[in-house]
>>> print(open('upload.cif').read())   # mmCIF, C-alpha atoms (C1' of nucleotides)
data_query
loop_
_atom_site.group_PDB
_atom_site.id
_atom_site.type_symbol
_atom_site.label_atom_id
_atom_site.label_comp_id
_atom_site.auth_asym_id
_atom_site.auth_seq_id
_atom_site.Cartn_x
_atom_site.Cartn_y
_atom_site.Cartn_z
ATOM 1 C CA MET A 1 -2.489 -4.647 6.865
ATOM 2 C CA PRO A 2 -4.693 -7.002 4.958
ATOM 3 C CA GLU A 3 -7.408 -5.274 2.962
ATOM 4 C CA LEU A 4 -10.397 -6.808 1.233
ATOM 5 C CA PRO A 5 -8.539 -8.939 -1.366
ATOM 6 C CA GLU A 6 -6.190 -10.405 1.237
ATOM 7 C CA VAL A 7 -9.021 -11.145 3.658
ATOM 8 C CA GLU A 8 -11.037 -12.731 0.852
ATOM 9 C CA VAL A 9 -8.107 -15.002 -0.035
ATOM 10 C CA VAL A 10 -8.074 -16.121 3.605
ATOM 11 C CA ARG A 11 -11.850 -16.611 3.622
ATOM 12 C CA LEU A 12 -11.681 -18.833 0.548
ATOM 13 C CA GLY A 13 -9.021 -20.934 2.213
ATOM 14 C CA LEU A 14 -11.042 -21.299 5.396
ATOM 15 C CA ALA A 15 -14.178 -22.172 3.442
ATOM 16 C CA GLU A 16 -12.277 -25.006 1.829
ATOM 17 C CA HIS A 17 -10.450 -26.304 4.881
ATOM 18 C CA VAL A 18 -12.677 -25.826 7.918
ATOM 19 C CA THR A 19 -16.290 -25.822 6.708
ATOM 20 C CA GLY A 20 -18.179 -28.789 8.146
ATOM 21 C CA ARG A 21 -15.528 -29.546 10.758
ATOM 22 C CA THR A 22 -16.190 -29.612 14.499
ATOM 23 C CA VAL A 23 -13.955 -27.760 16.948
ATOM 24 C CA ALA A 24 -12.510 -30.052 19.606
ATOM 25 C CA ALA A 25 -10.018 -27.920 21.527
ATOM 26 C CA VAL A 26 -9.022 -24.287 21.740
ATOM 27 C CA GLU A 27 -5.734 -22.963 23.042
ATOM 28 C CA VAL A 28 -5.371 -19.240 23.697
ATOM 29 C CA ARG A 29 -1.688 -18.455 23.850
ATOM 30 C CA HIS A 30 -1.980 -14.679 24.144
ATOM 31 C CA PRO A 31 -4.922 -13.075 25.960
ATOM 32 C CA ARG A 32 -4.699 -9.885 23.925
ATOM 33 C CA SER A 33 -5.751 -11.771 20.798
ATOM 34 C CA VAL A 34 -9.156 -12.523 22.365
ATOM 35 C CA ARG A 35 -9.571 -9.204 24.195
ATOM 36 C CA ARG A 36 -12.710 -8.384 22.208
ATOM 37 C CA HIS A 37 -14.315 -11.516 23.637
ATOM 38 C CA LEU A 38 -15.487 -9.680 26.732
ATOM 39 C CA ALA A 39 -16.426 -12.813 28.700
ATOM 40 C CA GLY A 40 -12.772 -13.837 28.777
ATOM 41 C CA GLU A 41 -10.571 -16.487 27.245
ATOM 42 C CA LEU A 42 -12.056 -19.434 29.153
ATOM 43 C CA ASP A 43 -15.519 -18.555 27.908
ATOM 44 C CA PHE A 44 -14.071 -18.081 24.406
ATOM 45 C CA ALA A 45 -12.690 -21.607 24.415
ATOM 46 C CA ALA A 46 -15.810 -23.104 25.987
ATOM 47 C CA ARG A 47 -18.084 -21.490 23.422
ATOM 48 C CA LEU A 48 -16.128 -22.919 20.504
ATOM 49 C CA SER A 49 -15.609 -26.444 21.737
ATOM 50 C CA GLY A 50 -17.994 -28.903 20.133
ATOM 51 C CA ARG A 51 -19.290 -26.395 17.601
ATOM 52 C CA GLN A 52 -19.408 -27.164 13.905
ATOM 53 C CA VAL A 53 -18.280 -24.594 11.327
ATOM 54 C CA ARG A 54 -21.061 -24.039 8.803
ATOM 55 C CA ALA A 55 -19.646 -21.333 6.529
ATOM 56 C CA ALA A 56 -16.866 -18.754 6.138
ATOM 57 C CA ARG A 57 -18.122 -15.222 5.526
ATOM 58 C CA ARG A 58 -16.704 -11.736 5.095
ATOM 59 C CA ARG A 59 -17.711 -8.094 4.991
ATOM 60 C CA GLY A 60 -14.987 -5.566 4.245
ATOM 61 C CA LYS A 61 -11.971 -6.649 6.280
ATOM 62 C CA TYR A 62 -13.982 -8.631 8.828
ATOM 63 C CA LEU A 63 -14.070 -12.410 8.542
ATOM 64 C CA TRP A 64 -16.230 -14.895 10.433
ATOM 65 C CA LEU A 65 -17.094 -18.555 10.671
ATOM 66 C CA ASP A 66 -20.770 -19.337 11.216
ATOM 67 C CA LEU A 67 -21.209 -21.899 13.975
ATOM 68 C CA ASP A 68 -23.844 -24.643 14.096
ATOM 69 C CA SER A 69 -27.332 -23.333 13.354
ATOM 70 C CA ASP A 70 -27.963 -22.049 9.838
ATOM 71 C CA GLY A 71 -29.915 -18.904 9.159
ATOM 72 C CA ALA A 72 -29.905 -15.417 10.609
ATOM 73 C CA ALA A 73 -29.724 -16.232 14.313
ATOM 74 C CA GLY A 74 -26.775 -17.934 15.902
ATOM 75 C CA GLU A 75 -23.151 -17.346 16.749
ATOM 76 C CA ALA A 76 -19.960 -16.918 14.797
ATOM 77 C CA LEU A 77 -16.233 -16.929 15.387
ATOM 78 C CA LEU A 78 -15.325 -13.400 14.327
ATOM 79 C CA ALA A 79 -11.821 -12.512 13.192
ATOM 80 C CA HIS A 80 -10.113 -9.282 12.295
ATOM 81 C CA LEU A 81 -6.556 -9.584 11.042
ATOM 82 C CA GLY A 82 -5.592 -6.046 12.043
ATOM 83 C CA MET A 83 -2.184 -5.125 10.639
ATOM 84 C CA SER A 84 -0.374 -8.440 10.886
ATOM 85 C CA GLY A 85 -2.900 -11.215 11.558
ATOM 86 C CA GLN A 86 -2.725 -14.516 9.686
ATOM 87 C CA MET A 87 -4.831 -17.650 9.551
ATOM 88 C CA ARG A 88 -2.887 -20.804 8.852
ATOM 89 C CA ILE A 89 -3.922 -24.407 8.342
ATOM 90 C CA GLN A 90 -1.199 -26.652 9.741
ATOM 91 C CA PRO A 91 -0.832 -30.337 10.464
ATOM 92 C CA PRO A 92 -1.037 -31.125 14.179
ATOM 93 C CA GLY A 93 2.460 -31.262 15.546
ATOM 94 C CA ALA A 94 3.900 -28.733 13.107
ATOM 95 C CA ALA A 95 6.280 -26.386 14.908
ATOM 96 C CA ASP A 96 4.585 -23.415 16.570
ATOM 97 C CA GLU A 97 5.048 -20.113 14.767
ATOM 98 C CA THR A 98 6.790 -17.334 16.708
ATOM 99 C CA HIS A 99 3.625 -15.275 16.955
ATOM 100 C CA LEU A 100 1.109 -18.081 17.290
ATOM 101 C CA ARG A 101 -1.726 -16.611 19.398
ATOM 102 C CA VAL A 102 -4.664 -19.037 19.159
ATOM 103 C CA ARG A 103 -4.896 -22.681 18.095
ATOM 104 C CA LEU A 104 -8.092 -24.531 17.141
ATOM 105 C CA GLN A 105 -7.994 -28.310 16.907
ATOM 106 C CA PHE A 106 -10.751 -30.304 15.288
ATOM 107 C CA ALA A 107 -12.593 -33.457 16.273
ATOM 108 C CA ASP A 108 -11.467 -35.251 13.105
ATOM 109 C CA GLY A 109 -7.846 -34.975 14.196
ATOM 110 C CA GLY A 110 -6.992 -33.266 10.910
ATOM 111 C CA PRO A 111 -5.132 -30.033 10.219
ATOM 112 C CA GLU A 112 -5.530 -27.339 12.882
ATOM 113 C CA LEU A 113 -6.393 -23.680 12.459
ATOM 114 C CA ARG A 114 -3.877 -21.187 13.821
ATOM 115 C CA PHE A 115 -4.217 -17.465 14.375
ATOM 116 C CA ILE A 116 -0.809 -15.843 14.134
ATOM 117 C CA ASP A 117 -0.354 -12.124 14.768
ATOM 118 C CA GLN A 118 2.890 -10.268 15.296
ATOM 119 C CA ARG A 119 1.495 -6.898 16.382
ATOM 120 C CA THR A 120 -1.698 -8.176 18.046
ATOM 121 C CA PHE A 121 -3.894 -5.435 16.569
ATOM 122 C CA GLY A 122 -6.133 -8.200 15.264
ATOM 123 C CA GLY A 123 -8.128 -10.691 17.258
ATOM 124 C CA LEU A 124 -10.828 -13.313 17.587
ATOM 125 C CA SER A 125 -14.135 -13.386 19.452
ATOM 126 C CA VAL A 126 -17.369 -15.365 19.493
ATOM 127 C CA GLU A 127 -20.269 -13.075 18.637
ATOM 128 C CA ASN A 128 -24.012 -13.197 18.214
ATOM 129 C CA VAL A 129 -25.167 -13.060 14.622
ATOM 130 C CA VAL A 130 -28.090 -10.716 13.995
ATOM 131 C CA ASP A 131 -29.559 -10.347 10.504
ATOM 132 C CA GLY A 132 -26.633 -12.267 9.094
ATOM 133 C CA LEU A 133 -23.937 -10.103 10.711
ATOM 134 C CA PRO A 134 -21.909 -10.548 13.887
ATOM 135 C CA THR A 135 -22.760 -7.677 16.251
ATOM 136 C CA PRO A 136 -19.434 -5.788 15.884
ATOM 137 C CA VAL A 137 -19.856 -5.803 12.090
ATOM 138 C CA ALA A 138 -23.288 -4.152 12.155
ATOM 139 C CA HIS A 139 -21.848 -0.662 11.563
ATOM 140 C CA ILE A 140 -19.571 -1.731 8.692
ATOM 141 C CA ALA A 141 -20.795 -0.650 5.253
ATOM 142 C CA ARG A 142 -21.188 -3.098 2.383
ATOM 143 C CA ASP A 143 -18.021 -3.599 0.367
ATOM 144 C CA PRO A 144 -17.636 -3.327 -3.429
ATOM 145 C CA MET A 145 -17.828 -7.145 -3.816
ATOM 146 C CA ASP A 146 -21.229 -7.243 -2.097
ATOM 147 C CA PRO A 147 -24.067 -7.993 -4.565
ATOM 148 C CA HIS A 148 -26.138 -5.298 -2.833
ATOM 149 C CA PHE A 149 -23.377 -2.657 -2.989
ATOM 150 C CA ASP A 150 -25.100 0.560 -4.060
ATOM 151 C CA HIS A 151 -22.728 2.774 -6.092
ATOM 152 C CA ASP A 152 -25.000 5.811 -6.220
ATOM 153 C CA ALA A 153 -25.750 5.714 -2.500
ATOM 154 C CA VAL A 154 -22.029 5.521 -1.687
ATOM 155 C CA ILE A 155 -21.219 8.416 -4.043
ATOM 156 C CA ALA A 156 -23.936 10.470 -2.384
ATOM 157 C CA GLY A 157 -22.536 9.504 1.027
ATOM 158 C CA ILE A 158 -19.030 10.569 0.020
ATOM 159 C CA ARG A 159 -20.236 13.924 -1.288
ATOM 160 C CA ARG A 160 -22.183 14.533 1.903
ATOM 161 C CA ARG A 161 -19.023 14.284 3.951
ATOM 162 C CA ARG A 162 -16.921 17.324 4.809
ATOM 163 C CA THR A 163 -13.515 15.731 4.516
ATOM 164 C CA SER A 164 -10.975 14.629 1.911
ATOM 165 C CA LEU A 165 -11.486 11.921 -0.666
ATOM 166 C CA LYS A 166 -8.904 9.524 0.731
ATOM 167 C CA ARG A 167 -10.255 9.811 4.263
ATOM 168 C CA ALA A 168 -13.706 8.997 2.909
ATOM 169 C CA LEU A 169 -12.399 5.941 1.036
ATOM 170 C CA LEU A 170 -10.819 4.663 4.247
ATOM 171 C CA ASP A 171 -13.996 5.180 6.299
ATOM 172 C CA GLN A 172 -15.377 1.665 6.749
ATOM 173 C CA THR A 173 -18.841 3.001 7.589
ATOM 174 C CA LEU A 174 -19.108 4.550 4.097
ATOM 175 C CA VAL A 175 -17.620 1.756 2.008
ATOM 176 C CA SER A 176 -15.691 -1.127 3.524
ATOM 177 C CA GLY A 177 -12.687 -3.178 2.528
ATOM 178 C CA ILE A 178 -10.447 -0.348 1.289
ATOM 179 C CA GLY A 179 -7.187 0.372 3.109
ATOM 180 C CA ASN A 180 -4.127 2.487 2.452
ATOM 181 C CA ILE A 181 -2.849 0.447 -0.516
ATOM 182 C CA TYR A 182 -6.028 0.199 -2.550
ATOM 183 C CA ALA A 183 -7.104 3.749 -1.689
ATOM 184 C CA ASP A 184 -3.897 5.041 -3.252
ATOM 185 C CA GLU A 185 -4.158 2.691 -6.238
ATOM 186 C CA ALA A 186 -7.777 3.651 -6.905
ATOM 187 C CA LEU A 187 -7.078 7.384 -6.617
ATOM 188 C CA TRP A 188 -4.174 6.985 -9.028
ATOM 189 C CA ARG A 189 -6.348 5.088 -11.535
ATOM 190 C CA ALA A 190 -9.069 7.732 -11.254
ATOM 191 C CA ARG A 191 -6.481 10.537 -11.577
ATOM 192 C CA LEU A 192 -7.767 12.118 -8.399
ATOM 193 C CA HIS A 193 -5.798 13.482 -5.466
ATOM 194 C CA GLY A 194 -6.700 12.168 -2.021
ATOM 195 C CA ALA A 195 -6.691 15.679 -0.546
ATOM 196 C CA ARG A 196 -9.545 16.664 -2.817
ATOM 197 C CA PRO A 197 -12.542 17.820 -0.738
ATOM 198 C CA THR A 198 -15.302 15.229 -1.057
ATOM 199 C CA ALA A 199 -17.952 17.867 -1.630
ATOM 200 C CA THR A 200 -16.337 18.918 -4.949
ATOM 201 C CA LEU A 201 -16.433 15.414 -6.438
ATOM 202 C CA THR A 202 -18.629 15.348 -9.523
ATOM 203 C CA ALA A 203 -21.080 12.510 -10.064
ATOM 204 C CA THR A 204 -18.995 11.309 -13.019
ATOM 205 C CA GLN A 205 -15.798 11.333 -10.993
ATOM 206 C CA GLY A 206 -17.598 9.484 -8.221
ATOM 207 C CA ARG A 207 -18.701 6.755 -10.608
ATOM 208 C CA THR A 208 -15.206 6.502 -12.056
ATOM 209 C CA LEU A 209 -13.703 6.235 -8.599
ATOM 210 C CA LEU A 210 -15.979 3.403 -7.475
ATOM 211 C CA THR A 211 -15.472 1.625 -10.795
ATOM 212 C CA VAL A 212 -11.683 1.650 -10.417
ATOM 213 C CA VAL A 213 -11.961 0.673 -6.756
ATOM 214 C CA THR A 214 -13.852 -2.429 -7.850
ATOM 215 C CA GLU A 215 -11.351 -3.107 -10.635
ATOM 216 C CA VAL A 216 -8.265 -2.857 -8.462
ATOM 217 C CA ILE A 217 -9.801 -5.045 -5.771
ATOM 218 C CA THR A 218 -10.825 -7.648 -8.349
ATOM 219 C CA GLU A 219 -7.377 -7.703 -9.951
ATOM 220 C CA ALA A 220 -5.644 -7.938 -6.589
ATOM 221 C CA LEU A 221 -7.878 -10.828 -5.567
ATOM 222 C CA ALA A 222 -7.067 -12.658 -8.796
ATOM 223 C CA ALA A 223 -3.368 -12.209 -7.982
ATOM 224 C CA GLY A 224 -3.836 -13.667 -4.508
ATOM 225 C CA GLY A 225 -3.529 -10.290 -2.788
ATOM 226 C CA THR A 226 -0.634 -7.925 -2.095
ATOM 227 C CA SER A 227 2.344 -8.978 0.029
ATOM 228 C CA PHE A 228 5.515 -7.018 0.619
ATOM 229 C CA ASP A 229 6.869 -9.495 3.126
ATOM 230 C CA ALA A 230 5.955 -12.600 5.105
ATOM 231 C CA LEU A 231 3.414 -10.646 7.172
ATOM 232 C CA TYR A 232 0.638 -11.317 4.727
ATOM 233 C CA VAL A 233 0.227 -14.884 3.527
ATOM 234 C CA ASN A 234 -2.697 -17.123 2.702
ATOM 235 C CA ILE A 235 -3.716 -20.087 4.860
ATOM 236 C CA ASN A 236 -0.956 -22.157 3.279
ATOM 237 C CA GLY A 237 1.681 -19.524 3.974
ATOM 238 C CA ALA A 238 1.966 -18.367 0.362
ATOM 239 C CA SER A 239 2.257 -14.719 -0.682
ATOM 240 C CA GLY A 240 0.113 -12.955 -3.268
ATOM 241 C CA TYR A 241 1.847 -11.155 -6.107
ATOM 242 C CA PHE A 242 -0.236 -8.021 -6.702
ATOM 243 C CA ASP A 243 2.647 -5.943 -5.298
ATOM 244 C CA ARG A 244 4.155 -6.249 -8.788
ATOM 245 C CA SER A 245 1.137 -4.463 -10.221
ATOM 246 C CA LEU A 246 1.105 -1.499 -7.864
ATOM 247 C CA ALA A 247 1.315 1.767 -9.787
ATOM 248 C CA ALA A 248 1.534 4.233 -6.903
ATOM 249 C CA TYR A 249 1.565 2.666 -3.438
ATOM 250 C CA GLY A 250 5.107 2.261 -2.136
ATOM 251 C CA GLN A 251 6.539 3.454 -5.451
ATOM 252 C CA ALA A 252 8.162 6.726 -4.311
ATOM 253 C CA GLY A 253 10.729 7.879 -6.861
ATOM 254 C CA ARG A 254 9.686 5.294 -9.441
ATOM 255 C CA PRO A 255 8.147 6.460 -12.721
ATOM 256 C CA CYS A 256 4.382 6.733 -12.993
ATOM 257 C CA PRO A 257 3.310 3.942 -15.397
ATOM 258 C CA ARG A 258 1.170 6.480 -17.304
ATOM 259 C CA CYS A 259 3.374 9.542 -17.626
ATOM 260 C CA SER A 260 6.781 8.556 -16.175
ATOM 261 C CA THR A 261 6.772 11.379 -13.634
ATOM 262 C CA ALA A 262 8.309 10.264 -10.336
ATOM 263 C CA ILE A 263 5.733 9.066 -7.820
ATOM 264 C CA GLN A 264 5.703 11.207 -4.688
ATOM 265 C CA ARG A 265 5.338 10.124 -1.093
ATOM 266 C CA GLU A 266 3.723 12.419 1.431
ATOM 267 C CA ALA A 267 2.727 12.128 5.064
ATOM 268 C CA PHE A 268 -0.884 11.200 5.698
ATOM 269 C CA MET A 269 -2.440 10.395 9.069
ATOM 270 C CA ASN A 270 0.670 8.910 10.681
ATOM 271 C CA ARG A 271 1.438 6.941 7.527
ATOM 272 C CA SER A 272 1.964 7.709 3.857
ATOM 273 C CA SER A 273 0.203 8.526 0.630
ATOM 274 C CA TYR A 274 1.657 7.955 -2.820
ATOM 275 C CA THR A 275 0.574 10.006 -5.816
ATOM 276 C CA CYS A 276 1.682 10.985 -9.280
ATOM 277 C CA PRO A 277 2.121 14.767 -9.120
ATOM 278 C CA ARG A 278 1.284 15.093 -12.810
ATOM 279 C CA CYS A 279 -1.692 12.732 -13.143
ATOM 280 C CA GLN A 280 -3.074 13.641 -9.722
ATOM 281 C CA PRO A 281 -2.379 17.344 -9.144
ATOM 282 C CA ARG A 282 -3.114 18.598 -5.647
ATOM 283 C CA PRO A 283 -6.440 20.452 -5.569
ATOM 284 C CA ARG A 284 -6.274 24.244 -5.421
ATOM 285 C CA HIS A 285 -8.144 24.184 -2.138
ATOM 286 C CA PRO A 286 -7.175 20.901 -0.504
ATOM 287 C CA HIS A 287 -9.016 19.666 2.518
ATOM 288 C CA PRO A 288 -6.706 20.172 5.534
ATOM 289 C "C1'" DC B 1 -23.579 15.893 15.970
ATOM 290 C "C1'" DA B 2 -19.225 15.045 12.631
ATOM 291 C "C1'" DT B 3 -14.495 14.870 12.136
ATOM 292 C "C1'" DT B 4 -9.620 14.300 13.519
ATOM 293 C "C1'" DT B 5 -5.961 12.557 16.574
ATOM 294 C "C1'" DA B 6 -3.543 9.488 19.392
ATOM 295 C "C1'" DT B 7 -2.806 4.894 20.654
ATOM 296 C "C1'" DC B 8 -2.652 -0.031 20.951
ATOM 297 C "C1'" DC B 9 1.972 -3.638 19.589
ATOM 298 C "C1'" DT B 10 6.315 -5.857 17.464
ATOM 299 C "C1'" DG B 11 9.700 -6.052 13.995
ATOM 300 C "C1'" DT B 12 12.510 -4.251 10.279
ATOM 301 C "C1'" DA B 13 15.158 -0.954 7.812
ATOM 302 C "C1'" DA B 14 17.508 3.263 7.560
ATOM 303 C "C1'" DG B 15 20.512 6.663 9.559
ATOM 304 C "C1'" DC B 16 24.133 7.994 12.630
ATOM 305 C "C1'" DT C 1 28.924 -3.194 14.815
ATOM 306 C "C1'" DG C 2 25.537 -1.119 17.822
ATOM 307 C "C1'" DC C 3 22.168 2.300 19.059
ATOM 308 C "C1'" DT C 4 18.198 5.341 17.799
ATOM 309 C "C1'" DT C 5 14.460 6.585 15.085
ATOM 310 C "C1'" DA C 6 10.861 6.199 11.601
ATOM 311 C "C1'" DC C 7 7.571 3.459 9.715
ATOM 312 C "C1'" DA C 8 4.329 -0.583 8.609
ATOM 313 C "C1'" DG C 9 -1.357 -3.183 5.171
ATOM 314 C "C1'" DG C 10 -6.223 -0.980 10.899
ATOM 315 C "C1'" DA C 11 -9.777 0.368 14.050
ATOM 316 C "C1'" DT C 12 -11.360 2.898 17.759
ATOM 317 C "C1'" DA C 13 -11.693 5.676 22.096
ATOM 318 C "C1'" DA C 14 -10.906 10.231 23.166
ATOM 319 C "C1'" DA C 15 -10.379 14.847 21.906
ATOM 320 C "C1'" DT C 16 -11.715 18.768 19.110
#
>>> encode(input="upload.cif", output="structure tokens")
Amino acid sequence: MPELPEVEVVRLGLAEHVTGRTVAAVEVRHPRSVRRHLAGELDFAARLSGRQVRAARRRGKYLWLDLDSDGAAGEALLAHLGMSGQMRIQPPGAADETHLRVRLQFADGGPELRFIDQRTFGGLSVENVVDGLPTPVAHIARDPMDPHFDHDAVIAGIRRRRTSLKRALLDQTLVSGIGNIYADEALWRARLHGARPTATLTATQGRTLLTVVTEVITEALAAGGTSFDALYVNINGASGYFDRSLAAYGQAGRPCPRCSTAIQREAFMNRSSYTCPRCQPRPRHPHP
DNA sequence: CATTTATCCTGTAAGC
DNA sequence: TGCTTACAGGATAAAT
């Protein structure tokens, strides 16, 4: 569910509220939420206890808290929010949320960190950090907010693929941070159809596409992210308001903000794609 | 090798 | 009202 802007909103909140604090106690309330910590939940808790949080970092949709030692080597608490994961900062003693999965208490006795996740597709684990990245993040491409993001290399990578444009945008090993919402919004802004074969993308169209990807992500971040319901909230439980700025995603039947043609919904990989049939005509030879 | 699909979960909304 | 079905912001193992 959360894409780059939503995860970045969470990261900013964690940077403010947990940096410099020392973990005192860890409570795992659902084993599935730490299933990626292969050594098990007891080891997960033991590894966190007594550790100080040094920084909150992110690549794409992955989020992690550096523990103790600065620099490239060390360990981090890695989080992926999956479809419904939340991080919340709550006063100790506040009522447990229905889907509270993991609780971290701190040595200062201050507000605790809670991982809440209805569908449990997300999870936490303690990972080794190599060259500045937790091991499971090594294969994730840089995201458009990364200062070293290389537009031309990504365009070349997209054109090298033998697939459709939207599938390429969603491939986190090509460019990270983009999910179903921002893929549709970017394709709409670029007036491109997601079924377009990647190989036919011109260099100019590629540059336009990455430019609008960056724009939509930046605007969504400024709005605090996109929330349709209480499933995405920041660490204080507040919703973002970028949903009011969506031109295509979830707008089936509503007029395209550019040409007033009704936005169309179509099936895509067990979910949906939203396009303007006039601004984004289907390619003559769509990728299957 | 690259690419596509099926699946992990729970809750909500729509349709009958 | 109740029951059934479709769908939801993601990633990945397994299949093609």
>>> closest_residue(input="upload.cif", among="A:Ala222, A:Ala252, A:Ala73, A:Leu81", to="chain C", atoms="all atoms listed in the file")
A:Leu81
>>> closest_atom_pairs(input="upload.cif", of="chain C", to="chain A", cutoff="12 Å", atoms="only C-alpha atoms (C1' of nucleotides)", output="CSV")
residue,atom,partner,partner_atom,distance
C:DA6,C1',A:Arg271,CA,10.3
C:DC7,C1',A:Arg271,CA,7.4
C:DA8,C1',A:Met1,CA,8.1
C:DG9,C1',A:Met1,CA,2.5
C:DG10,C1',A:Gly82,CA,5.2
C:DA11,C1',A:Gly82,CA,7.9
C:DT12,C1',A:Phe121,CA,11.3
>>> atom_distance(input="upload.cif", atom1="atom CA of Val10 of chain A", atom2="atom CA of Ser125 of chain A")
17.2 Å
>>> closest_residue(input="upload.cif", among="A:Arg57, A:Arg51, A:Arg119, A:Arg207", to="chain B", atoms="all atoms listed in the file")
A:Arg119
>>> interface_residues(input="upload.cif", of="chain A", to="chain B", cutoff="12 Å", atoms="only C-alpha atoms (C1' of nucleotides)", output="ChimeraX atom specification")
/A:32-33,35,82-84,98-99,117-122,160-164,167-168,171,229-231,269-270,288
>>> closest_residue(input="upload.cif", among="A:Gly194, A:Gly132, A:Gly13, A:Gly60", to="Ala267 of chain A", atoms="all atoms listed in the file")
A:Gly194
>>> atom_distance(input="upload.cif", atom1="atom CA of Ala223 of chain A", atom2="atom CA of Val7 of chain A")
13.0 Å
>>> atom_distance(input="upload.cif", atom1="atom CA of Tyr249 of chain A", atom2="atom CA of Tyr274 of chain A")
5.3 Å
>>> resolve_selection(input="upload.cif", expression="the PyMOL selection byres ((chain A and resi 241) around 10)", output="count of residues only")
17
>>> resolve_selection(input="upload.cif", expression="the PyMOL selection byres ((chain A and resi 41) around 12)", output="PyMOL selection string")
chain A and resi 26-40+42-48+101-102+123-126
>>> residues_around(input="upload.cif", residues="Val129 of chain A", least_positions_apart="2", cutoff="9 Å", atoms="only C-alpha atoms (C1' of nucleotides)", output="VMD selection string")
chain A and resid 66 72 to 76 127 131 to 135
